[in-house]
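Colleague: One file: query-v5.txt (compact mmCIF, C-alpha atoms).
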```
# COMPACT_ATOMS: atom_id res chain seq x y z
CA MET A 291 -0.33 245.21 -63.52
CA GLN A 292 -1.73 247.68 -66.06
CA TRP A 293 0.50 250.55 -67.21
CA SER A 294 -0.10 253.49 -69.50
CA SER A 295 1.91 256.57 -70.45
CA THR A 296 0.90 259.97 -71.77
CA GLU A 297 2.75 263.20 -72.46
CA ARG A 298 1.63 266.56 -71.13
CA GLN A 299 3.48 269.85 -71.36
CA GLY A 300 6.57 267.91 -72.34
CA CYS A 301 6.42 265.68 -69.26
CA ILE A 302 5.88 261.91 -69.29
CA ILE A 303 3.02 260.86 -67.04
CA ALA A 304 3.22 257.15 -66.21
CA SER A 305 0.10 255.58 -64.73
CA PRO A 306 0.44 252.16 -63.10
CA ASP A 307 -2.75 250.46 -62.01
CA GLY A 308 -3.28 247.83 -59.31
CA ARG A 309 -0.92 246.83 -56.53
CA VAL A 310 2.84 246.48 -56.36
CA ASP A 311 3.79 243.39 -54.41
CA GLU A 312 6.17 240.46 -54.85
CA ALA A 313 4.23 239.20 -57.89
CA THR A 314 4.16 242.51 -59.76
CA ALA A 315 7.33 244.25 -58.54
CA GLN A 316 9.45 243.17 -61.51
CA ALA A 317 6.89 244.44 -64.04
CA PHE A 318 6.67 247.72 -62.09
CA THR A 319 10.48 248.00 -62.12
CA ASP A 320 10.66 247.36 -65.87
CA HIS A 321 7.88 249.83 -66.68
CA LEU A 322 9.55 252.49 -64.53
CA ALA A 323 12.87 251.99 -66.34
CA SER A 324 11.16 252.37 -69.73
CA SER A 325 9.35 255.48 -68.53
CA VAL A 326 12.60 257.10 -67.39
CA SER A 327 14.09 256.40 -70.83
CA LEU A 328 11.01 257.95 -72.44
CA ALA A 329 11.23 261.01 -70.18
CA ALA A 330 14.90 261.44 -71.10
CA GLU A 331 13.72 262.03 -74.68
CA SER A 332 10.93 264.43 -73.69
CA SER A 333 11.27 268.21 -73.85
CA SER A 334 10.79 268.79 -70.10
CA ARG A 335 12.90 265.79 -69.05
CA LYS A 336 10.41 265.04 -66.30
CA LEU A 337 8.66 261.84 -65.21
CA ILE A 338 5.52 262.04 -63.13
CA VAL A 339 4.35 258.72 -61.74
CA ASP A 340 0.59 258.99 -61.28
CA PHE A 341 -0.19 256.94 -58.18
CA SER A 342 -3.97 257.37 -58.37
CA GLY A 343 -4.49 253.84 -59.74
CA LEU A 344 -2.23 252.16 -57.18
CA ASP A 345 -3.89 250.37 -54.27
CA TYR A 346 -0.71 249.84 -52.29
CA MET A 347 2.97 249.09 -52.62
CA SER A 348 5.35 246.91 -50.63
CA SER A 349 9.03 247.65 -50.06
CA ARG A 350 9.85 246.03 -53.39
CA GLY A 351 7.92 248.72 -55.22
CA LEU A 352 9.43 251.45 -53.09
CA ARG A 353 12.93 250.18 -53.77
CA ALA A 354 12.11 249.97 -57.48
CA LEU A 355 11.29 253.69 -57.27
CA THR A 356 14.76 254.31 -55.85
CA LEU A 357 16.39 252.36 -58.69
CA ALA A 358 14.36 254.41 -61.18
CA LYS A 359 15.36 257.65 -59.47
CA ARG A 360 19.02 256.72 -59.81
CA GLN A 361 18.51 256.04 -63.49
CA ALA A 362 16.62 259.34 -63.76
CA ASP A 363 19.34 261.32 -61.95
CA THR A 364 21.97 259.89 -64.31
CA ALA A 365 19.81 260.80 -67.32
CA GLY A 366 19.05 264.30 -65.99
CA VAL A 367 15.36 263.47 -65.55
CA ALA A 368 13.36 264.89 -62.63
CA MET A 369 10.91 262.50 -60.97
CA ALA A 370 7.77 263.22 -58.99
CA LEU A 371 4.99 261.12 -57.49
CA ALA A 372 1.43 262.44 -57.85
CA ARG A 373 -2.00 261.66 -56.45
CA PRO A 374 -1.30 258.85 -53.98
CA ASN A 375 -4.39 257.46 -52.24
CA THR A 376 -4.53 257.63 -48.44
CA VAL A 377 -2.94 254.18 -48.02
CA MET A 378 -0.08 255.01 -50.36
CA ARG A 379 0.40 258.38 -48.68
CA GLU A 380 0.73 256.58 -45.34
CA ILE A 381 3.22 254.09 -46.77
CA LEU A 382 5.29 256.89 -48.27
CA ALA A 383 5.33 258.63 -44.87
CA ILE A 384 6.15 255.48 -42.84
CA SER A 385 9.00 254.55 -45.18
CA ARG A 386 10.11 258.23 -45.25
CA TYR A 387 9.96 258.06 -49.05
CA ASP A 388 8.10 261.36 -48.89
CA LYS A 389 11.52 262.79 -47.98
CA LEU A 390 13.20 261.24 -51.03
CA PHE A 391 10.56 262.19 -53.63
CA ALA A 392 8.41 265.19 -54.37
CA VAL A 393 4.83 264.04 -53.68
CA THR A 394 1.92 266.12 -54.95
CA ASP A 395 -1.87 265.97 -54.63
CA THR A 396 -2.47 266.71 -58.33
CA ILE A 397 -0.76 266.15 -61.66
CA GLU A 398 -0.80 269.91 -62.22
CA ASP A 399 1.21 270.51 -59.06
CA ALA A 400 3.88 268.13 -60.36
CA LEU A 401 4.18 269.63 -63.85
CA MET B 1488 11.11 228.24 -25.73
CA LEU B 1489 11.64 231.60 -24.10
CA VAL B 1490 13.54 234.43 -25.75
CA ARG B 1491 15.07 236.97 -23.39
CA PHE B 1492 16.55 240.23 -24.66
CA TRP B 1493 19.61 241.49 -22.73
CA GLY B 1494 20.74 244.07 -25.27
CA THR B 1495 18.76 245.52 -28.17
CA ARG B 1496 20.63 248.68 -29.24
CA GLY B 1497 22.70 248.89 -32.41
CA SER B 1498 26.26 250.02 -32.91
CA LEU B 1499 26.96 251.73 -29.59
CA PRO B 1500 25.66 251.44 -26.01
CA VAL B 1501 23.67 254.46 -24.89
CA ALA B 1502 22.39 255.64 -21.52
CA ALA B 1503 19.70 258.10 -20.50
CA THR B 1504 21.01 261.49 -19.38
CA ALA B 1505 19.61 263.47 -16.44
CA SER B 1506 17.53 265.65 -18.75
CA ILE B 1507 15.99 262.59 -20.43
CA VAL B 1508 14.98 261.14 -17.05
CA GLN B 1509 13.63 264.53 -15.95
CA GLU B 1510 11.49 264.69 -19.10
CA LYS B 1511 10.05 261.24 -18.37
CA VAL B 1512 9.30 262.13 -14.75
CA ALA B 1513 7.72 265.44 -15.79
CA SER B 1514 5.54 263.67 -18.38
CA ALA B 1515 4.53 261.05 -15.81
CA LEU B 1516 3.59 263.72 -13.27
CA LEU B 1517 1.52 265.49 -15.89
CA ALA B 1518 -0.23 262.25 -16.82
CA ALA B 1519 -0.96 261.61 -13.14
CA SER B 1520 -2.26 265.12 -12.56
CA GLY B 1521 -4.90 265.08 -9.83
CA ARG B 1522 -4.20 261.49 -8.91
CA SER B 1523 -2.80 260.27 -5.63
CA PHE B 1524 -1.29 256.87 -4.87
CA ALA B 1525 -1.57 255.04 -1.58
CA ASP B 1526 1.80 253.37 -1.89
CA LEU B 1527 4.61 252.47 -4.27
CA ASP B 1528 2.73 249.43 -5.58
CA GLU B 1529 -0.14 251.63 -6.74
CA ALA B 1530 2.30 254.06 -8.31
CA ARG B 1531 4.09 251.18 -10.05
CA ALA B 1532 0.80 249.85 -11.39
CA PHE B 1533 0.01 253.31 -12.80
CA THR B 1534 3.45 253.45 -14.43
CA ARG B 1535 3.10 249.99 -15.92
CA ASN B 1536 -0.50 250.10 -17.05
CA GLU B 1537 -1.34 253.71 -17.83
CA LEU B 1538 1.80 255.42 -19.04
CA ASP B 1539 3.04 254.87 -22.56
CA PHE B 1540 6.21 252.77 -22.65
CA ALA B 1541 8.46 255.62 -23.77
CA THR B 1542 7.41 257.62 -20.69
CA GLY B 1543 7.11 254.90 -18.06
CA GLY B 1544 9.94 252.74 -19.34
CA THR B 1545 12.83 252.64 -21.77
CA PHE B 1546 13.94 250.47 -24.64
CA GLY B 1547 17.36 250.44 -23.01
CA GLY B 1548 20.81 251.07 -24.32
CA ALA B 1549 22.81 247.82 -24.14
CA THR B 1550 24.10 246.39 -27.40
CA THR B 1551 23.13 243.03 -28.88
CA CYS B 1552 22.71 240.05 -26.59
CA VAL B 1553 19.75 237.65 -26.77
CA GLU B 1554 19.23 234.48 -24.75
CA ILE B 1555 17.26 231.53 -26.13
CA GLU B 1556 16.00 229.41 -23.25
CA ALA B 1557 15.10 225.94 -24.51
CA GLY B 1558 14.84 222.46 -23.05
CA ASP B 1559 14.99 221.83 -19.33
CA ALA B 1560 17.58 223.63 -17.24
CA ALA B 1561 16.91 221.25 -14.35
CA ALA B 1562 17.87 218.35 -16.64
CA GLY B 1563 21.17 220.02 -17.49
CA ASP B 1564 20.38 221.77 -20.75
CA PRO B 1565 22.91 224.53 -21.44
CA TYR B 1566 22.60 228.27 -22.00
CA ILE B 1567 22.15 229.51 -25.56
CA ILE B 1568 23.18 233.10 -26.23
CA CYS B 1569 23.27 235.15 -29.42
CA ASP B 1570 26.10 237.70 -29.52
CA MET B 1571 28.22 239.31 -26.83
CA GLY B 1572 27.22 242.98 -26.89
CA SER B 1573 27.26 245.06 -23.74
CA GLY B 1574 24.01 243.33 -22.69
CA LEU B 1575 26.11 240.22 -22.01
CA ARG B 1576 27.31 241.68 -18.71
CA GLY B 1577 23.79 241.56 -17.28
CA PHE B 1578 23.24 238.06 -18.62
CA GLY B 1579 26.50 236.87 -17.07
CA LEU B 1580 25.55 238.13 -13.61
CA ASP B 1581 22.10 236.54 -13.87
CA ALA B 1582 23.61 233.28 -15.14
CA MET B 1583 25.89 233.12 -12.07
CA ARG B 1584 22.76 233.43 -9.91
CA ARG B 1585 21.06 230.64 -11.86
CA CYS B 1586 24.17 228.46 -11.74
CA ALA B 1587 24.16 228.82 -7.96
CA GLY B 1588 20.67 227.29 -8.16
CA GLY B 1589 21.93 224.31 -10.14
CA HIS B 1590 21.93 225.42 -13.80
CA ALA B 1591 24.61 223.74 -15.91
CA ARG B 1592 27.68 225.95 -16.37
CA VAL B 1593 27.73 225.39 -20.12
CA TYR B 1594 27.34 228.36 -22.47
CA HIS B 1595 26.77 228.03 -26.23
CA PHE B 1596 27.27 231.36 -28.00
CA PHE B 1597 26.16 231.99 -31.57
CA MET B 1598 27.88 234.98 -33.16
CA SER B 1599 26.17 237.05 -35.85
CA HIS B 1600 29.55 238.65 -36.56
CA LEU B 1601 32.54 240.08 -34.79
CA HIS B 1602 32.07 243.83 -34.92
CA TRP B 1603 32.84 245.63 -31.70
CA ASP B 1604 29.25 246.22 -30.57
CA HIS B 1605 28.65 242.45 -30.77
CA ILE B 1606 31.71 241.32 -28.78
CA MET B 1607 32.34 244.17 -26.32
CA GLY B 1608 30.51 242.43 -23.46
CA PHE B 1609 32.81 239.41 -23.32
CA PRO B 1610 35.62 241.00 -21.24
CA PHE B 1611 32.92 241.73 -18.61
CA PHE B 1612 31.31 238.26 -18.78
CA VAL B 1613 31.80 237.00 -15.22
CA PRO B 1614 31.30 233.26 -16.05
CA ALA B 1615 34.47 233.46 -18.19
CA PHE B 1616 36.33 233.69 -14.86
CA ASP B 1617 34.55 230.59 -13.48
CA PRO B 1618 36.98 227.61 -13.63
CA ASN B 1619 33.99 225.25 -13.76
CA ALA B 1620 32.38 226.95 -16.76
CA HIS B 1621 32.54 225.62 -20.31
CA ILE B 1622 32.07 228.22 -23.03
CA ILE B 1623 31.60 227.17 -26.65
CA ILE B 1624 31.64 230.00 -29.18
CA HIS B 1625 29.95 229.08 -32.47
CA SER B 1626 30.41 231.34 -35.45
CA GLY B 1627 30.14 231.32 -39.21
CA HIS B 1628 33.44 233.22 -39.17
CA GLU B 1629 36.75 231.43 -38.88
CA ASP B 1630 38.37 234.43 -37.18
CA ALA B 1631 36.14 234.61 -34.07
CA GLU B 1632 39.00 233.65 -31.76
CA THR B 1633 41.25 236.31 -33.28
CA ALA B 1634 38.57 238.97 -32.68
CA LEU B 1635 38.00 238.00 -29.05
CA ARG B 1636 41.67 237.66 -28.21
CA ARG B 1637 42.51 240.97 -29.89
CA GLN B 1638 40.03 243.01 -27.84
CA GLN B 1639 41.71 241.73 -24.66
CA GLU B 1640 45.24 242.65 -25.70
CA GLU B 1641 46.86 245.01 -23.19
CA ILE B 1642 46.49 248.06 -25.40
CA SER B 1643 42.68 247.68 -25.16
CA PHE B 1644 41.96 245.85 -21.90
CA PRO B 1645 43.88 245.00 -18.71
CA VAL B 1646 42.81 241.34 -18.47
CA ALA B 1647 44.35 239.08 -21.12
CA PHE B 1648 42.19 236.42 -22.79
CA ASP B 1649 44.56 233.70 -21.50
CA TRP B 1650 43.87 234.75 -17.91
CA LEU B 1651 40.23 233.66 -18.21
CA ARG B 1652 39.57 230.54 -16.13
CA ALA B 1653 36.70 228.92 -18.02
CA LYS B 1654 37.29 226.25 -20.64
CA ILE B 1655 36.74 228.14 -23.90
CA GLU B 1656 36.31 226.53 -27.33
CA PHE B 1657 35.68 227.97 -30.78
CA ARG B 1658 33.66 226.13 -33.44
CA THR B 1659 33.07 227.27 -37.01
CA LEU B 1660 29.62 226.40 -38.39
CA LYS B 1661 28.64 226.15 -42.05
CA PRO B 1662 25.44 227.36 -43.75
CA GLY B 1663 23.37 224.49 -45.12
CA GLU B 1664 24.18 222.19 -42.19
CA VAL B 1665 21.79 221.38 -39.34
CA TYR B 1666 23.40 221.15 -35.91
CA GLN B 1667 21.92 219.72 -32.71
CA ILE B 1668 23.37 221.85 -29.92
CA GLY B 1669 21.94 221.68 -26.43
CA ALA B 1670 18.16 221.55 -26.66
CA VAL B 1671 17.92 223.14 -30.13
CA GLN B 1672 18.58 222.42 -33.76
CA VAL B 1673 20.57 225.26 -35.31
CA GLU B 1674 20.92 226.40 -38.92
CA LEU B 1675 22.69 229.49 -40.19
CA MET B 1676 22.49 231.78 -43.19
CA GLU B 1677 25.13 234.18 -44.50
CA GLN B 1678 23.97 237.81 -44.65
CA HIS B 1679 25.13 240.99 -46.34
CA HIS B 1680 27.25 243.05 -43.94
CA SER B 1681 30.82 244.29 -43.75
CA HIS B 1682 33.03 241.17 -43.20
CA SER B 1683 29.74 239.20 -43.51
CA SER B 1684 27.25 238.33 -40.82
CA PHE B 1685 25.21 235.21 -40.11
CA GLY B 1686 21.59 234.71 -39.14
CA TYR B 1687 20.58 231.74 -36.97
CA ARG B 1688 17.42 229.66 -36.90
CA PHE B 1689 16.78 227.78 -33.65
CA THR B 1690 14.20 224.97 -33.42
CA ASP B 1691 13.37 223.30 -30.11
CA ALA B 1692 12.00 219.80 -29.50
CA ALA B 1693 8.43 221.12 -29.54
CA GLY B 1694 9.01 222.60 -33.00
CA LYS B 1695 9.06 226.22 -31.85
CA VAL B 1696 11.28 228.39 -34.03
CA ALA B 1697 13.16 231.60 -33.23
CA VAL B 1698 15.26 233.34 -35.90
CA PHE B 1699 18.02 235.78 -34.99
CA SER B 1700 18.87 237.98 -37.97
CA THR B 1701 20.74 241.14 -37.13
CA ASP B 1702 23.19 243.35 -39.00
CA SER B 1703 21.84 242.29 -42.36
CA GLU B 1704 21.34 244.63 -45.31
CA HIS B 1705 18.85 243.54 -47.95
CA LYS B 1706 20.23 245.13 -51.08
CA MET B 1707 17.98 246.68 -53.69
CA GLU B 1708 20.01 245.10 -56.46
CA LYS B 1709 19.49 241.63 -54.98
CA MET B 1710 15.75 241.59 -54.27
CA HIS B 1711 15.47 238.31 -56.20
CA GLY B 1712 17.55 236.67 -53.45
CA GLU B 1713 15.03 237.55 -50.76
CA ALA B 1714 13.17 234.28 -51.43
CA ASP B 1715 16.07 232.55 -49.65
CA VAL B 1716 15.68 234.85 -46.65
CA GLU B 1717 11.93 234.21 -46.54
CA ALA B 1718 12.60 230.46 -46.62
CA PHE B 1719 15.05 230.83 -43.73
CA PHE B 1720 12.44 232.82 -41.76
CA GLY B 1721 9.71 230.37 -42.89
CA ASN B 1722 6.82 229.93 -40.42
CA ALA B 1723 8.98 231.10 -37.54
CA ASP B 1724 7.27 231.79 -34.22
CA LEU B 1725 9.57 234.78 -33.77
CA VAL B 1726 11.94 236.61 -36.10
CA ILE B 1727 14.37 239.04 -34.47
CA CYS B 1728 15.29 241.40 -37.25
CA ASP B 1729 17.64 244.32 -37.79
CA THR B 1730 15.34 247.35 -38.25
CA MET B 1731 17.83 250.11 -37.55
CA TYR B 1732 16.87 252.60 -40.24
CA SER B 1733 13.88 253.87 -42.16
CA LEU B 1734 13.65 252.37 -45.64
CA ALA B 1735 14.49 255.78 -47.16
CA ASP B 1736 17.66 256.09 -45.06
CA SER B 1737 18.71 252.51 -45.85
CA VAL B 1738 18.60 253.16 -49.61
CA SER B 1739 20.08 256.66 -49.58
CA MET B 1740 22.49 258.19 -47.07
CA LYS B 1741 22.97 254.94 -45.12
CA GLU B 1742 23.16 252.55 -48.04
CA ASP B 1743 25.98 250.01 -47.60
CA TRP B 1744 26.06 250.63 -43.85
CA GLY B 1745 24.95 246.99 -43.47
CA HIS B 1746 21.51 247.40 -41.93
CA SER B 1747 17.87 247.06 -42.79
CA SER B 1748 14.52 248.74 -42.17
CA ASN B 1749 11.24 247.99 -40.42
CA ILE B 1750 9.48 248.00 -43.82
CA VAL B 1751 11.69 245.33 -45.39
CA ALA B 1752 11.60 243.21 -42.21
CA ILE B 1753 7.78 243.21 -42.26
CA ASP B 1754 7.68 242.31 -45.96
CA LEU B 1755 10.13 239.43 -45.41
CA CYS B 1756 8.13 238.15 -42.41
CA HIS B 1757 4.89 238.43 -44.39
CA GLY B 1758 6.46 236.42 -47.21
CA ALA B 1759 7.74 233.88 -44.68
CA ARG B 1760 4.34 233.59 -42.93
CA ALA B 1761 6.16 234.25 -39.66
CA LYS B 1762 4.00 234.75 -36.57
CA ARG B 1763 5.95 237.48 -34.75
CA LEU B 1764 8.59 240.03 -35.60
CA ALA B 1765 10.76 241.73 -32.99
CA LEU B 1766 12.12 245.07 -34.20
CA PHE B 1767 15.76 245.04 -33.12
CA HIS B 1768 19.19 246.73 -33.24
CA HIS B 1769 17.75 250.15 -32.55
CA GLU B 1770 19.55 253.21 -33.89
CA PRO B 1771 21.58 254.69 -30.98
CA VAL B 1772 20.54 258.27 -31.75
CA TYR B 1773 16.85 257.35 -31.42
CA SER B 1774 15.10 258.42 -28.21
CA ASP B 1775 12.55 256.16 -26.56
CA ALA B 1776 9.85 258.28 -28.19
CA ASP B 1777 11.49 257.82 -31.61
CA ILE B 1778 11.59 254.03 -31.18
CA ALA B 1779 7.98 253.96 -29.93
CA ARG B 1780 6.92 256.00 -32.98
CA MET B 1781 8.79 253.58 -35.28
CA HIS B 1782 7.04 250.69 -33.55
CA GLY B 1783 3.61 252.28 -34.04
CA GLU B 1784 4.34 252.98 -37.70
CA SER B 1785 5.54 249.40 -38.18
CA ILE B 1786 2.29 248.01 -36.77
CA ARG B 1787 0.37 250.27 -39.14
CA TYR B 1788 2.45 249.22 -42.18
CA GLU B 1789 1.85 245.57 -41.28
CA GLU B 1790 -1.91 246.24 -41.25
CA LEU B 1791 -1.80 248.11 -44.56
CA THR B 1792 0.14 245.42 -46.41
CA ARG B 1793 -1.24 242.25 -44.76
CA GLU B 1794 -2.45 239.58 -47.18
CA HIS B 1795 -2.54 236.54 -44.89
CA ALA B 1796 -2.64 235.90 -41.14
CA PRO B 1797 -1.60 238.87 -38.98
CA LEU B 1798 2.05 239.30 -38.11
CA GLU B 1799 2.48 240.46 -34.51
CA VAL B 1800 5.05 243.26 -34.48
CA LEU B 1801 6.91 243.56 -31.18
CA CYS B 1802 9.55 246.12 -30.36
CA ALA B 1803 12.48 244.55 -28.52
CA TYR B 1804 13.74 246.26 -25.38
CA ASP B 1805 16.36 245.35 -22.81
CA GLY B 1806 14.55 242.99 -20.43
CA LEU B 1807 11.79 241.85 -22.80
CA GLU B 1808 10.88 238.17 -22.55
CA VAL B 1809 8.88 236.44 -25.28
CA ALA B 1810 7.44 233.00 -24.58
CA LEU B 1811 6.91 230.91 -27.72
```
What is this structure when it is put down as structure tokens?
Modeller:
Amino acid sequence: MQWSSTERQGCIIASPDGRVDEATAQAFTDHLASSVSLAAESSSRKLIVDFSGLDYMSSRGLRALTLAKRQADTAGVAMALARPNTVMREILAISRYDKLFAVTDTIEDAL
Amino acid sequence: MLVRFWGTRGSLPVAATASIVQEKVASALLAASGRSFADLDEARAFTRNELDFATGGTFGGATTCVEIEAGDAAAGDPYIICDMGSGLRGFGLDAMRRCAGGHARVYHFFMSHLHWDHIMGFPFFVPAFDPNAHIIIHSGHEDAETALRRQQEEISFPVAFDWLRAKIEFRTLKPGEVYQIGAVQVELMEQHHSHSSFGYRFTDAAGKVAVFSTDSEHKMEKMHGEADVEAFFGNADLVICDTMYSLADSVSMKEDWGHSSNIVAIDLCHGARAKRLALFHHEPVYSDADIARMHGESIRYEELTREHAPLEVLCAYDGLEVAL
């Protein structure tokens, strides 16, 4: 799994690339935890996970998002998910994760 | 092997109200608009073949009870039943009919756990009053007898446990052991649930495998342990799995309520290379339309995340039979 982070308007934008399945779930979990820590130091205290590079995600990835959100809530960091592809949007709807997270079509909408 | 579902609802029995039935009839009439039927058989065929299941049928409202038919009843092989929810009443009546036809009056029960919705059918289990019946209650719990006796104390029920006429035995099983019971080999696995629960893996002489795994929460903090669950489900012909909540509910408001989701069940079955999954232990507040929607979404999620052979996703309902 590839992972990169940038900062924009004081927000951390984390960009995973590939797929989150059993083989990559732990790396995804670890990267998310680091990104929350980074966002806690940022001026806007906000983490936007850019989904545009993600092909799909199993329940392990979704549950890793929940663990990250708990860490974020404790650290006073807001979390949003941006630019999911159509498959990811469907998975977020089926799992009802679109009720747990703010999901936006663009990075700008999430800022 | 044949798996027969007598009760598929979680937590609490439910029944359709008049308004629910009226809605179904109204939807059926609308769907049949302009059609006429020569007789009841034609109308039944329309209901069965052309109406969606939530309109023409129902997932039912009896709580957990699943029969595993294995071996040869004519040769004396016994009944195998998972749990004693309110669906057990219907099984008991049908078993009496089959016993009248020569079926052995031997009943092996396998208890997932002892919560009320999984034992409430036993006081209404007619074969327990049959002096020629032999009932063996297998459980991973050592306090199964206490639970069954307690629910028939006078404060809760007018017929005391000691008044039952059948020969009743209790046996405690241990995870890691393989037991030959009736026409099946049985293994069990401890699961995360209040006061613990146990999943069962049944293998018949032909090698067909059915797994019964209800009331099991797969905790986020213990995802590394799911390899053990996948091994237990490994290559099963059918996995009956607790899919009571959405994944979001199971990790938020309903975390630690002891149940799982359709999403996690599909991932576990994919990892296990299982052939079929039966969505089970339906949320009692769900309507038939809600359950049908969950079933459709589950099929779609399976398609989206499939990496190997397809997993057939069934939705259990009271009365469903699955031949393996």
Colleague: Just the residues within 10 Å of Arg379 in chain A, please, counting all atoms listed in the file, with nothing from its chain fewer than 3 positions along; format it as an MDAnalysis selection string.
Modeller: chainID A and resid 341 346 373:376 382:384 387:388 393 395
Colleague: If you keep C-alpha atoms, can you produce a file of those selected residues as a CSV table (one decimal), in the coordinates of the input?
Modeller:
```
chain,number,residue,atom,x,y,z
A,341,PHE,CA,-0.2,256.9,-58.2
A,346,TYR,CA,-0.7,249.8,-52.3
A,373,ARG,CA,-2.0,261.7,-56.4
A,374,PRO,CA,-1.3,258.8,-54.0
A,375,ASN,CA,-4.4,257.5,-52.2
A,376,THR,CA,-4.5,257.6,-48.4
A,382,LEU,CA,5.3,256.9,-48.3
A,383,ALA,CA,5.3,258.6,-44.9
A,384,ILE,CA,6.2,255.5,-42.8
A,387,TYR,CA,10.0,258.1,-49.0
A,388,ASP,CA,8.1,261.4,-48.9
A,393,VAL,CA,4.8,264.0,-53.7
A,395,ASP,CA,-1.9,266.0,-54.6
```
Colleague: When the cut-off is 7 Å and we count all atoms listed in the file, which residues of chain B are near chain A, given as a PyMOL selection string?
Modeller: chain B and resi 1707+1733-1735+1750-1751+1754+1784+1788+1792
Colleague: Find the residue from B:Arg1585, B:His1628, B:His1746, B:Arg1496 that sits nearest to His1680 in chain B; use all atoms listed in the file when measuring.
Modeller: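 Result for the nearest residue to His1680 in chain B: B:His1746.
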Colleague: Tell me which protein, DNA and RNA residues are within 12 Å of Cys1586 in chain B, counting all atoms listed in the file, leaving out same-chain ones fewer than 3 positions away, and put them as a count of residues only.
Modeller: 23
Colleague: State, in Å with one decimal place, the distance from CA of Leu1517 in chain B to CA of Val1800 in chain B.
Modeller: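 These atoms are spaced 29.2 Å apart.
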Colleague: N, CA and C atoms for range 1594-1608 of chain B, written as a PDB file, in the coordinates of the input, could you do that?
Modeller:
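Okay, this is what ended up in rebuild28.pdb:
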```pdb
ATOM      1  N   TYR B1594      27.833 227.195 -21.731  1.00  0.00           N
ATOM      2  CA  TYR B1594      27.340 228.360 -22.470  1.00  0.00           C
ATOM      3  C   TYR B1594      27.632 228.189 -23.954  1.00  0.00           C
ATOM      4  N   HIS B1595      26.586 228.085 -24.771  1.00  0.00           N
ATOM      5  CA  HIS B1595      26.770 228.030 -26.230  1.00  0.00           C
ATOM      6  C   HIS B1595      26.461 229.413 -26.803  1.00  0.00           C
ATOM      7  N   PHE B1596      27.466 230.055 -27.354  1.00  0.00           N
ATOM      8  CA  PHE B1596      27.270 231.360 -28.000  1.00  0.00           C
ATOM      9  C   PHE B1596      27.147 231.163 -29.506  1.00  0.00           C
ATOM     10  N   PHE B1597      26.297 231.977 -30.117  1.00  0.00           N
ATOM     11  CA  PHE B1597      26.160 231.990 -31.570  1.00  0.00           C
ATOM     12  C   PHE B1597      26.389 233.436 -32.040  1.00  0.00           C
ATOM     13  N   MET B1598      27.434 233.623 -32.817  1.00  0.00           N
ATOM     14  CA  MET B1598      27.880 234.980 -33.160  1.00  0.00           C
ATOM     15  C   MET B1598      27.347 235.394 -34.530  1.00  0.00           C
ATOM     16  N   SER B1599      26.609 236.517 -34.551  1.00  0.00           N
ATOM     17  CA  SER B1599      26.170 237.050 -35.850  1.00  0.00           C
ATOM     18  C   SER B1599      27.385 237.508 -36.645  1.00  0.00           C
ATOM     19  N   HIS B1600      28.289 238.200 -35.960  1.00  0.00           N
ATOM     20  CA  HIS B1600      29.550 238.650 -36.560  1.00  0.00           C
ATOM     21  C   HIS B1600      30.405 239.202 -35.431  1.00  0.00           C
ATOM     22  N   LEU B1601      31.512 239.809 -35.796  1.00  0.00           N
ATOM     23  CA  LEU B1601      32.540 240.080 -34.790  1.00  0.00           C
ATOM     24  C   LEU B1601      32.805 241.567 -34.613  1.00  0.00           C
ATOM     25  N   HIS B1602      31.880 242.392 -35.107  1.00  0.00           N
ATOM     26  CA  HIS B1602      32.070 243.830 -34.920  1.00  0.00           C
ATOM     27  C   HIS B1602      31.982 244.166 -33.431  1.00  0.00           C
ATOM     28  N   TRP B1603      32.585 245.296 -33.106  1.00  0.00           N
ATOM     29  CA  TRP B1603      32.840 245.630 -31.700  1.00  0.00           C
ATOM     30  C   TRP B1603      31.582 245.595 -30.838  1.00  0.00           C
ATOM     31  N   ASP B1604      30.472 246.149 -31.383  1.00  0.00           N
ATOM     32  CA  ASP B1604      29.250 246.220 -30.570  1.00  0.00           C
ATOM     33  C   ASP B1604      28.678 244.835 -30.267  1.00  0.00           C
ATOM     34  N   HIS B1605      29.171 243.811 -30.974  1.00  0.00           N
ATOM     35  CA  HIS B1605      28.650 242.450 -30.770  1.00  0.00           C
ATOM     36  C   HIS B1605      29.601 241.567 -29.965  1.00  0.00           C
ATOM     37  N   ILE B1606      30.768 242.106 -29.598  1.00  0.00           N
ATOM     38  CA  ILE B1606      31.710 241.320 -28.780  1.00  0.00           C
ATOM     39  C   ILE B1606      32.142 242.053 -27.516  1.00  0.00           C
ATOM     40  N   MET B1607      31.774 243.344 -27.384  1.00  0.00           N
ATOM     41  CA  MET B1607      32.340 244.170 -26.320  1.00  0.00           C
ATOM     42  C   MET B1607      31.947 243.717 -24.912  1.00  0.00           C
ATOM     43  N   GLY B1608      30.931 242.872 -24.789  1.00  0.00           N
ATOM     44  CA  GLY B1608      30.510 242.430 -23.460  1.00  0.00           C
ATOM     45  C   GLY B1608      31.370 241.298 -22.912  1.00  0.00           C
TER      46      GLY B1608
END
```
